[in-house]
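Here's input_38.cif, which has mmCIF, C-alpha atoms:
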data_work
#
loop_
_atom_site.label_atom_id
_atom_site.label_comp_id
_atom_site.auth_asym_id
_atom_site.auth_seq_id
_atom_site.Cartn_x
_atom_site.Cartn_y
_atom_site.Cartn_z
CA GLU A 1 53.34 133.26 38.43
CA THR A 2 51.49 135.17 41.13
CA GLY A 3 48.13 133.44 40.66
CA VAL A 4 48.87 131.02 43.52
CA THR A 5 50.76 132.24 46.57
CA GLN A 6 52.12 130.29 49.51
CA THR A 7 53.38 131.38 52.92
CA PRO A 8 55.77 130.96 54.49
CA ARG A 9 58.34 130.20 51.80
CA HIS A 10 60.67 128.58 54.30
CA LEU A 11 59.89 126.97 57.65
CA VAL A 12 62.05 125.24 60.24
CA MET A 13 60.24 123.51 63.07
CA GLY A 14 60.89 121.06 65.85
CA MET A 15 59.08 117.78 66.14
CA THR A 16 56.86 119.07 68.97
CA ASN A 17 55.84 122.31 67.24
CA LYS A 18 52.52 123.12 65.61
CA LYS A 19 52.59 125.23 62.47
CA SER A 20 50.38 125.94 59.47
CA LEU A 21 51.08 126.41 55.79
CA LYS A 22 48.86 128.78 53.86
CA CYS A 23 47.91 128.80 50.19
CA GLU A 24 45.84 131.41 48.40
CA GLN A 25 44.74 131.40 44.78
CA HIS A 26 43.67 134.51 42.89
CA LEU A 27 42.44 132.72 39.76
CA GLY A 28 38.80 132.14 40.64
CA HIS A 29 39.36 128.37 40.66
CA ASN A 30 37.17 125.84 42.42
CA ALA A 31 39.70 123.08 43.14
CA MET A 32 42.85 123.18 45.25
CA TYR A 33 45.57 120.63 45.98
CA TRP A 34 48.45 119.90 48.36
CA TYR A 35 51.50 118.03 47.07
CA LYS A 36 54.68 116.86 48.81
CA GLN A 37 57.99 116.82 46.94
CA SER A 38 60.80 114.97 48.72
CA ALA A 39 64.34 114.76 47.44
CA LYS A 40 64.81 112.12 44.73
CA LYS A 41 61.07 111.26 44.66
CA PRO A 42 58.21 112.26 42.36
CA LEU A 43 55.61 114.74 43.54
CA GLU A 44 53.05 113.01 45.72
CA LEU A 45 49.46 114.20 45.87
CA MET A 46 48.28 114.63 49.46
CA PHE A 47 44.83 116.23 49.35
CA VAL A 48 42.32 117.51 46.81
CA TYR A 49 39.51 119.94 47.58
CA SER A 50 36.70 120.89 45.23
CA LEU A 51 34.26 123.62 46.27
CA GLU A 52 35.66 123.39 49.81
CA GLU A 53 34.94 119.66 50.06
CA ARG A 54 37.72 117.12 50.32
CA VAL A 55 37.55 114.69 47.40
CA GLU A 56 40.87 112.93 47.77
CA ASN A 57 42.88 111.94 50.81
CA ASN A 58 45.87 110.02 49.62
CA SER A 59 46.66 107.96 52.74
CA VAL A 60 48.34 110.88 54.44
CA PRO A 61 49.32 110.55 58.15
CA SER A 62 47.03 112.35 60.57
CA ARG A 63 49.84 114.67 61.65
CA PHE A 64 48.95 116.56 58.44
CA SER A 65 45.53 118.18 58.66
CA PRO A 66 44.12 120.19 55.73
CA GLU A 67 41.54 122.94 55.96
CA CYS A 68 39.71 124.69 53.13
CA PRO A 69 37.55 127.52 54.55
CA ASN A 70 36.64 128.82 51.07
CA SER A 71 37.56 128.17 47.46
CA SER A 72 40.40 130.71 47.54
CA HIS A 73 42.25 129.49 50.63
CA LEU A 74 43.81 126.21 51.64
CA PHE A 75 45.75 125.45 54.80
CA LEU A 76 47.90 122.54 55.89
CA HIS A 77 48.15 122.25 59.67
CA LEU A 78 51.24 120.44 60.93
CA HIS A 79 51.82 118.86 64.34
CA THR A 80 54.31 116.38 65.80
CA LEU A 81 56.09 115.97 62.49
CA GLN A 82 59.04 113.68 61.87
CA PRO A 83 62.38 114.57 60.22
CA GLU A 84 61.35 112.52 57.17
CA ASP A 85 58.50 115.01 56.63
CA SER A 86 61.08 117.57 55.55
CA ALA A 87 60.23 118.41 51.95
CA LEU A 88 58.92 121.03 49.57
CA TYR A 89 55.15 121.39 50.01
CA LEU A 90 53.40 122.66 46.92
CA CYS A 91 49.91 124.00 46.55
CA ALA A 92 48.05 124.02 43.25
CA SER A 93 44.66 125.06 41.91
CA SER A 94 42.52 124.29 38.86
CA GLN A 95 39.26 125.61 37.49
CA ASP A 96 37.40 122.40 38.30
CA LEU A 97 38.04 118.66 38.32
CA GLY A 98 38.18 116.74 35.07
CA GLY A 99 39.13 117.42 31.47
CA SER A 100 40.87 120.61 30.38
CA THR A 101 39.51 122.42 33.43
CA ASP A 102 41.87 120.29 35.47
CA THR A 103 44.96 122.14 34.22
CA GLN A 104 46.80 122.76 37.48
CA TYR A 105 48.67 125.92 38.42
CA PHE A 106 51.25 125.73 41.20
CA GLY A 107 52.42 128.04 43.91
CA PRO A 108 56.12 128.58 44.71
CA GLY A 109 56.10 126.07 47.55
CA THR A 110 57.08 126.04 51.22
CA ARG A 111 60.45 124.48 52.01
CA LEU A 112 59.91 122.68 55.32
CA THR A 113 62.70 121.40 57.54
CA VAL A 114 61.83 119.33 60.61
CA LEU A 115 64.59 119.10 63.20
CA GLY B 1 48.18 101.78 39.84
CA ILE B 2 49.29 103.60 36.74
CA GLN B 3 53.04 103.90 36.14
CA VAL B 4 54.67 106.97 34.60
CA GLU B 5 58.22 106.70 33.29
CA GLN B 6 60.25 109.55 31.91
CA SER B 7 63.44 109.41 29.88
CA PRO B 8 66.18 110.33 29.89
CA PRO B 9 66.59 111.02 33.62
CA ASP B 10 69.32 113.57 32.96
CA LEU B 11 70.23 115.59 29.89
CA ILE B 12 73.04 118.09 29.25
CA LEU B 13 72.82 120.30 26.18
CA GLN B 14 74.80 123.07 24.62
CA GLU B 15 72.82 126.26 24.11
CA GLY B 16 71.07 126.18 20.74
CA ALA B 17 70.65 122.42 20.60
CA ASN B 18 67.33 120.61 20.25
CA SER B 19 66.04 117.83 22.49
CA THR B 20 63.20 115.37 22.93
CA LEU B 21 61.90 114.22 26.29
CA ARG B 22 59.71 111.16 26.55
CA CYS B 23 56.93 110.10 28.92
CA ASN B 24 55.51 106.56 28.88
CA PHE B 25 52.42 105.62 30.86
CA SER B 26 51.03 102.20 31.58
CA ASP B 27 47.26 102.73 31.27
CA SER B 28 44.68 104.97 29.64
CA VAL B 29 44.58 108.58 30.81
CA ASN B 30 42.11 111.44 30.58
CA ASN B 31 44.60 114.14 31.48
CA LEU B 32 48.29 114.59 30.71
CA GLN B 33 50.28 117.67 31.55
CA TRP B 34 53.90 118.72 31.13
CA PHE B 35 55.51 120.96 33.75
CA HIS B 36 58.84 122.74 34.09
CA GLN B 37 60.29 123.18 37.58
CA ASN B 38 62.87 125.94 37.70
CA PRO B 39 65.89 125.85 40.03
CA TRP B 40 63.90 127.77 42.67
CA GLY B 41 61.23 125.09 42.82
CA GLN B 42 58.46 126.87 40.91
CA LEU B 43 56.40 124.51 38.74
CA ILE B 44 55.13 126.03 35.52
CA ASN B 45 52.42 124.36 33.47
CA LEU B 46 53.66 123.96 29.89
CA PHE B 47 50.96 121.92 28.18
CA TYR B 48 47.65 120.21 28.84
CA ILE B 49 47.82 117.49 26.19
CA PRO B 50 45.92 114.21 26.71
CA SER B 51 46.14 113.67 22.93
CA GLY B 52 47.31 115.39 19.79
CA THR B 53 49.97 118.03 19.22
CA LYS B 54 50.43 121.53 20.58
CA GLN B 55 53.08 124.18 20.12
CA ASN B 56 54.07 127.17 22.21
CA GLY B 57 57.07 129.06 20.91
CA ARG B 58 60.17 126.87 21.04
CA LEU B 59 58.29 124.12 22.85
CA SER B 60 55.93 121.57 21.39
CA ALA B 61 54.35 118.38 22.65
CA THR B 62 52.72 115.35 21.13
CA THR B 63 50.71 112.66 22.89
CA VAL B 64 49.81 109.39 21.21
CA ALA B 65 47.21 108.12 23.65
CA THR B 66 46.67 104.79 21.87
CA GLU B 67 50.37 103.98 22.27
CA ARG B 68 50.59 105.49 25.76
CA TYR B 69 53.38 107.98 25.35
CA SER B 70 53.99 111.69 25.11
CA LEU B 71 56.94 113.65 23.78
CA LEU B 72 58.12 117.14 24.67
CA TYR B 73 60.31 118.89 22.11
CA ILE B 74 62.58 121.78 23.01
CA SER B 75 64.16 123.59 20.07
CA SER B 76 67.03 126.10 20.13
CA SER B 77 67.50 125.52 23.86
CA GLN B 78 68.46 128.40 26.15
CA THR B 79 70.08 128.43 29.59
CA THR B 80 66.73 129.47 31.05
CA ASP B 81 65.31 126.13 29.91
CA SER B 82 67.38 124.40 32.62
CA GLY B 83 65.46 122.66 35.37
CA VAL B 84 63.36 119.55 35.78
CA TYR B 85 60.62 118.59 33.33
CA PHE B 86 57.74 116.54 34.70
CA CYS B 87 55.06 114.61 32.96
CA ALA B 88 51.89 114.00 35.00
CA VAL B 89 48.81 111.96 34.16
CA GLU B 90 45.36 111.38 35.57
CA PRO B 91 44.18 107.77 35.16
CA GLY B 92 41.23 107.33 32.81
CA SER B 93 39.13 105.87 35.61
CA SER B 94 39.62 108.91 37.84
CA ASN B 95 37.85 112.25 37.84
CA THR B 96 39.29 113.64 41.07
CA GLY B 97 42.19 115.69 39.74
CA LYS B 98 44.62 113.09 41.05
CA LEU B 99 47.76 113.62 38.97
CA ILE B 100 50.46 110.95 39.02
CA PHE B 101 53.88 112.43 38.35
CA GLY B 102 56.88 110.83 36.69
CA GLN B 103 60.35 111.07 38.16
CA GLY B 104 61.26 113.94 35.85
CA THR B 105 64.03 114.74 33.39
CA THR B 106 66.70 117.08 34.70
CA LEU B 107 67.91 119.34 31.92
CA GLN B 108 71.04 121.46 32.05
CA VAL B 109 71.70 123.86 29.19
CA LYS B 110 75.24 125.14 29.05
CA PRO B 111 76.15 128.51 27.51
#

Now that the file is in, can you turn its structure into structure tokens?
Amino acid sequence: ETGVTQTPRHLVMGMTNKKSLKCEQHLGHNAMYWYKQSAKKPLELMFVYSLEERVENNSVPSRFSPECPNSSHLFLHLHTLQPEDSALYLCASSQDLGGSTDTQYFGPGTRLTVL
Amino acid sequence: GIQVEQSPPDLILQEGANSTLRCNFSDSVNNLQWFHQNPWGQLINLFYIPSGTKQNGRLSATTVATERYSLLYISSSQTTDSGVYFCAVEPGSSNTGKLIFGQGTTLQVKP
């Protein structure tokens, strides 16, 4: 699917670096999401944005900072990460929140490795 | 919070075989989706199915909300069906798009 794109696809960073993940959706959706997928664990929801407002912050450490400048773009700013933050970070979008409009479409993910 | 359990955790099939994957959830839901994650990590939405039955080609799904389970049927499996199948639910009390994912069923289809 090319409706949701993510860059970069792969990222290696040191614990003192600052980097950002970018997500863009071309589907005209109003809601966007960040998920974390670690090895051997289910996908964990991190943040939900609807119409550029954060509606869910799932007890995520402050070293992860989301930004949603408009309904088509979502960023995840990373700083002073830990090796256990290494994971696949997935972005998703849906038309709105609730009911069948909440069908979520995922991007290809960013594979993050923290050294 | 709501619990989502999928079974079996792993499944190996010969090409052409049929299979049934199960998802149990511990509380009422207003959203249930099935996803397929291919070996490259891409998650594809298969069904939005909080209740009832739907079919899409060789795949079909049934959710019995009153009994808190959903089934995904794969018929005449192909090697391209390999990957991980996830069930995800949104609790009935939530309207924030917060999907809770199961652990997944890893399917390998052998030629």

### Task
Find the residues near Met15 (chain A): any atom within 6 Å, counting only C-alpha atoms, skip ones fewer than 6 places away on the same chain, and give them as a count of residues only.
3

Residue list for chain A near chain B as a compact mmCIF listing (two decimals) with C-alpha atoms, keeping the file's coordinate frame, 6 Å, all atoms listed in the file:
# COMPACT_ATOMS: atom_id res chain seq x y z
CA PRO A 42 58.21 112.26 42.36
CA LEU A 43 55.61 114.74 43.54
CA LEU A 97 38.04 118.66 38.32
CA GLY A 98 38.18 116.74 35.07
CA PHE A 106 51.25 125.73 41.20
CA PRO A 108 56.12 128.58 44.71

### Best match for closeness to Leu11 (chain B) among B:Gly83, B:Gly52, B:Pro39, B:Pro111, counting only C-alpha atoms
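Once distances to Leu11 (chain B) are computed over only C-alpha atoms, the minimum belongs to B:Gly83.
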
Run the PyMOL selection byres ((chain A and resi 54-66) around 9) on the file and write out the hits as a JSON list (two decimals) with C-alpha atoms, in the coordinates of the input.
[["chain", "number", "residue", "atom", "x", "y", "z"],
["A", 34, "TRP", "CA", 48.45, 119.90, 48.36],
["A", 44, "GLU", "CA", 53.05, 113.01, 45.72],
["A", 45, "LEU", "CA", 49.46, 114.20, 45.87],
["A", 46, "MET", "CA", 48.28, 114.63, 49.46],
["A", 47, "PHE", "CA", 44.83, 116.23, 49.35],
["A", 48, "VAL", "CA", 42.32, 117.51, 46.81],
["A", 49, "TYR", "CA", 39.51, 119.94, 47.58],
["A", 50, "SER", "CA", 36.70, 120.89, 45.23],
["A", 51, "LEU", "CA", 34.26, 123.62, 46.27],
["A", 52, "GLU", "CA", 35.66, 123.39, 49.81],
["A", 53, "GLU", "CA", 34.94, 119.66, 50.06],
["A", 67, "GLU", "CA", 41.54, 122.94, 55.96],
["A", 68, "CYS", "CA", 39.71, 124.69, 53.13],
["A", 74, "LEU", "CA", 43.81, 126.21, 51.64],
["A", 75, "PHE", "CA", 45.75, 125.45, 54.80],
["A", 76, "LEU", "CA", 47.90, 122.54, 55.89],
["A", 77, "HIS", "CA", 48.15, 122.25, 59.67],
["A", 78, "LEU", "CA", 51.24, 120.44, 60.93],
["A", 79, "HIS", "CA", 51.82, 118.86, 64.34],
["A", 80, "THR", "CA", 54.31, 116.38, 65.80],
["A", 81, "LEU", "CA", 56.09, 115.97, 62.49],
["B", 96, "THR", "CA", 39.29, 113.64, 41.07],
["B", 97, "GLY", "CA", 42.19, 115.69, 39.74],
["B", 98, "LYS", "CA", 44.62, 113.09, 41.05]]

### the PyMOL selection byres ((chain B and resi 72) around 7) resolved against shown file, as a PyMOL selection string
chain B and resi 20-22+60-62+70-71+73-74

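Taking CA of Met32 (chain A) and CA of Pro83 (chain A) as the two end points, the separation is 26.1 Å.
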
### Message
Quick check, in Å to one decimal: how far apart do CA of Thr2 (chain A) and CA of Cys87 (chain B) lie?
### Response
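Here the two named atoms are 22.4 Å from each other.
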
### Task
Enter the distance from CA of Gly16 (chain B) to CA of Gln108 (chain B), in Å, rounded to one decimal.
12.3 Å

### Task
Please identify all polymer residues within 8 Å of Thr110 (chain A), counting only C-alpha atoms, omitting same-chain residues fewer than 4 positions from it, and present them as a PyMOL selection string.
chain A and resi 6-11+21+88-90

### Task
Rank B:Ile12, B:Val89, B:Ile2, B:Ala17 by their smallest atom-to-atom distance to Ser75 (chain B), using all atoms listed in the file, and report the top residue only.
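For Ser75 (chain B), the nearest of the given residues is B:Ala17.
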
### Answer key for the PyMOL selection byres ((chain A and resi 94) around 7), residues as a list in words
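Selected by the PyMOL selection byres ((chain A and resi 94) around 7) here: His29, Asn30, Ala31, Met32, Ser93, Gln95, Asp96, Thr101, Asp102, Thr103, Gln104 and Tyr105 of chain A.
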
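Comparing the minimum interatomic distances between Val109 (chain B) and each of B:Leu13, B:Ser93, B:Ala65, B:Leu59, counting only C-alpha atoms, we find that B:Leu13 sits nearest.
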
### Task
Go through B:Gly1, B:Glu67, B:Lys110, B:Trp34 one by one, measure the shortest atom-to-atom distance of each to Tyr85 (chain B) using all atoms listed in the file, and give the residue with the smallest value.
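Distance minimum relative to Tyr85 (chain B) lands on B:Trp34.
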
### Message
Counting all atoms listed in the file, which residue out of B:Thr63, B:Pro8, B:Thr53, B:Asn38 sits closest to Phe25 (chain B)?
### Response
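Among the listed residues, the smallest separation from Phe25 (chain B) belongs to B:Thr63.
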
### Message
Set the distance at 6 Å and use all atoms listed in the file: which residues neighbour Thr105 (chain B) once local chain neighbours fewer than 2 positions away are removed? I'd like the list as a ChimeraX atom specification.
### Response
/B:9-10,84-85

Restricted to C-alpha atoms, what would the selected residues look like written as a compact mmCIF listing (two decimals), in the frame of the given file?
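As written to disk, part-v9.txt reads:
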# COMPACT_ATOMS: atom_id res chain seq x y z
CA PRO B 9 66.59 111.02 33.62
CA ASP B 10 69.32 113.57 32.96
CA VAL B 84 63.36 119.55 35.78
CA TYR B 85 60.62 118.59 33.33

Could I see region 83-104 of chain B restored to N, CA and C atoms, set down as a PDB file, in the frame of the given file?
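Wrote it out as selection-v3.pdb, contents follow:
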ATOM      1  N   GLY B  83      66.392 122.999  34.298  1.00  0.00           N
ATOM      2  CA  GLY B  83      65.460 122.660  35.370  1.00  0.00           C
ATOM      3  C   GLY B  83      64.992 121.232  35.191  1.00  0.00           C
ATOM      4  N   VAL B  84      63.905 120.908  35.849  1.00  0.00           N
ATOM      5  CA  VAL B  84      63.360 119.550  35.780  1.00  0.00           C
ATOM      6  C   VAL B  84      62.020 119.601  35.048  1.00  0.00           C
ATOM      7  N   TYR B  85      61.849 118.698  34.110  1.00  0.00           N
ATOM      8  CA  TYR B  85      60.620 118.590  33.330  1.00  0.00           C
ATOM      9  C   TYR B  85      59.843 117.370  33.804  1.00  0.00           C
ATOM     10  N   PHE B  86      58.601 117.607  34.206  1.00  0.00           N
ATOM     11  CA  PHE B  86      57.740 116.540  34.700  1.00  0.00           C
ATOM     12  C   PHE B  86      56.577 116.305  33.754  1.00  0.00           C
ATOM     13  N   CYS B  87      56.279 115.029  33.597  1.00  0.00           N
ATOM     14  CA  CYS B  87      55.060 114.610  32.960  1.00  0.00           C
ATOM     15  C   CYS B  87      54.128 114.108  34.065  1.00  0.00           C
ATOM     16  N   ALA B  88      52.846 114.455  33.993  1.00  0.00           N
ATOM     17  CA  ALA B  88      51.890 114.000  35.000  1.00  0.00           C
ATOM     18  C   ALA B  88      50.607 113.575  34.317  1.00  0.00           C
ATOM     19  N   VAL B  89      50.026 112.485  34.787  1.00  0.00           N
ATOM     20  CA  VAL B  89      48.810 111.960  34.160  1.00  0.00           C
ATOM     21  C   VAL B  89      47.735 111.717  35.208  1.00  0.00           C
ATOM     22  N   GLU B  90      46.483 111.788  34.746  1.00  0.00           N
ATOM     23  CA  GLU B  90      45.360 111.380  35.570  1.00  0.00           C
ATOM     24  C   GLU B  90      44.786 110.119  34.950  1.00  0.00           C
ATOM     25  N   PRO B  91      44.707 109.021  35.722  1.00  0.00           N
ATOM     26  CA  PRO B  91      44.180 107.770  35.160  1.00  0.00           C
ATOM     27  C   PRO B  91      42.788 107.953  34.559  1.00  0.00           C
ATOM     28  N   GLY B  92      42.505 107.189  33.498  1.00  0.00           N
ATOM     29  CA  GLY B  92      41.230 107.330  32.810  1.00  0.00           C
ATOM     30  C   GLY B  92      40.033 107.032  33.686  1.00  0.00           C
ATOM     31  N   SER B  93      40.243 106.230  34.734  1.00  0.00           N
ATOM     32  CA  SER B  93      39.130 105.870  35.610  1.00  0.00           C
ATOM     33  C   SER B  93      38.869 106.912  36.679  1.00  0.00           C
ATOM     34  N   SER B  94      39.707 107.924  36.756  1.00  0.00           N
ATOM     35  CA  SER B  94      39.620 108.910  37.840  1.00  0.00           C
ATOM     36  C   SER B  94      39.038 110.216  37.334  1.00  0.00           C
ATOM     37  N   ASN B  95      38.325 110.909  38.173  1.00  0.00           N
ATOM     38  CA  ASN B  95      37.850 112.250  37.840  1.00  0.00           C
ATOM     39  C   ASN B  95      37.996 113.146  39.068  1.00  0.00           C
ATOM     40  N   THR B  96      39.098 112.915  39.821  1.00  0.00           N
ATOM     41  CA  THR B  96      39.290 113.640  41.070  1.00  0.00           C
ATOM     42  C   THR B  96      40.481 114.585  41.006  1.00  0.00           C
ATOM     43  N   GLY B  97      41.031 114.817  39.829  1.00  0.00           N
ATOM     44  CA  GLY B  97      42.190 115.690  39.740  1.00  0.00           C
ATOM     45  C   GLY B  97      43.456 115.062  40.250  1.00  0.00           C
ATOM     46  N   LYS B  98      43.451 113.745  40.472  1.00  0.00           N
ATOM     47  CA  LYS B  98      44.620 113.090  41.050  1.00  0.00           C
ATOM     48  C   LYS B  98      45.668 112.870  39.966  1.00  0.00           C
ATOM     49  N   LEU B  99      46.667 113.738  39.924  1.00  0.00           N
ATOM     50  CA  LEU B  99      47.760 113.620  38.970  1.00  0.00           C
ATOM     51  C   LEU B  99      48.858 112.722  39.530  1.00  0.00           C
ATOM     52  N   ILE B 100      49.324 111.789  38.688  1.00  0.00           N
ATOM     53  CA  ILE B 100      50.460 110.950  39.020  1.00  0.00           C
ATOM     54  C   ILE B 100      51.659 111.470  38.240  1.00  0.00           C
ATOM     55  N   PHE B 101      52.714 111.828  38.974  1.00  0.00           N
ATOM     56  CA  PHE B 101      53.880 112.430  38.350  1.00  0.00           C
ATOM     57  C   PHE B 101      54.952 111.386  38.055  1.00  0.00           C
ATOM     58  N   GLY B 102      55.681 111.603  36.949  1.00  0.00           N
ATOM     59  CA  GLY B 102      56.880 110.830  36.690  1.00  0.00           C
ATOM     60  C   GLY B 102      58.036 111.367  37.522  1.00  0.00           C
ATOM     61  N   GLN B 103      59.164 110.694  37.372  1.00  0.00           N
ATOM     62  CA  GLN B 103      60.350 111.070  38.160  1.00  0.00           C
ATOM     63  C   GLN B 103      61.012 112.334  37.630  1.00  0.00           C
ATOM     64  N   GLY B 104      60.691 112.718  36.403  1.00  0.00           N
ATOM     65  CA  GLY B 104      61.260 113.940  35.850  1.00  0.00           C
ATOM     66  C   GLY B 104      62.507 113.714  35.022  1.00  0.00           C
TER      67      GLY B 104
END
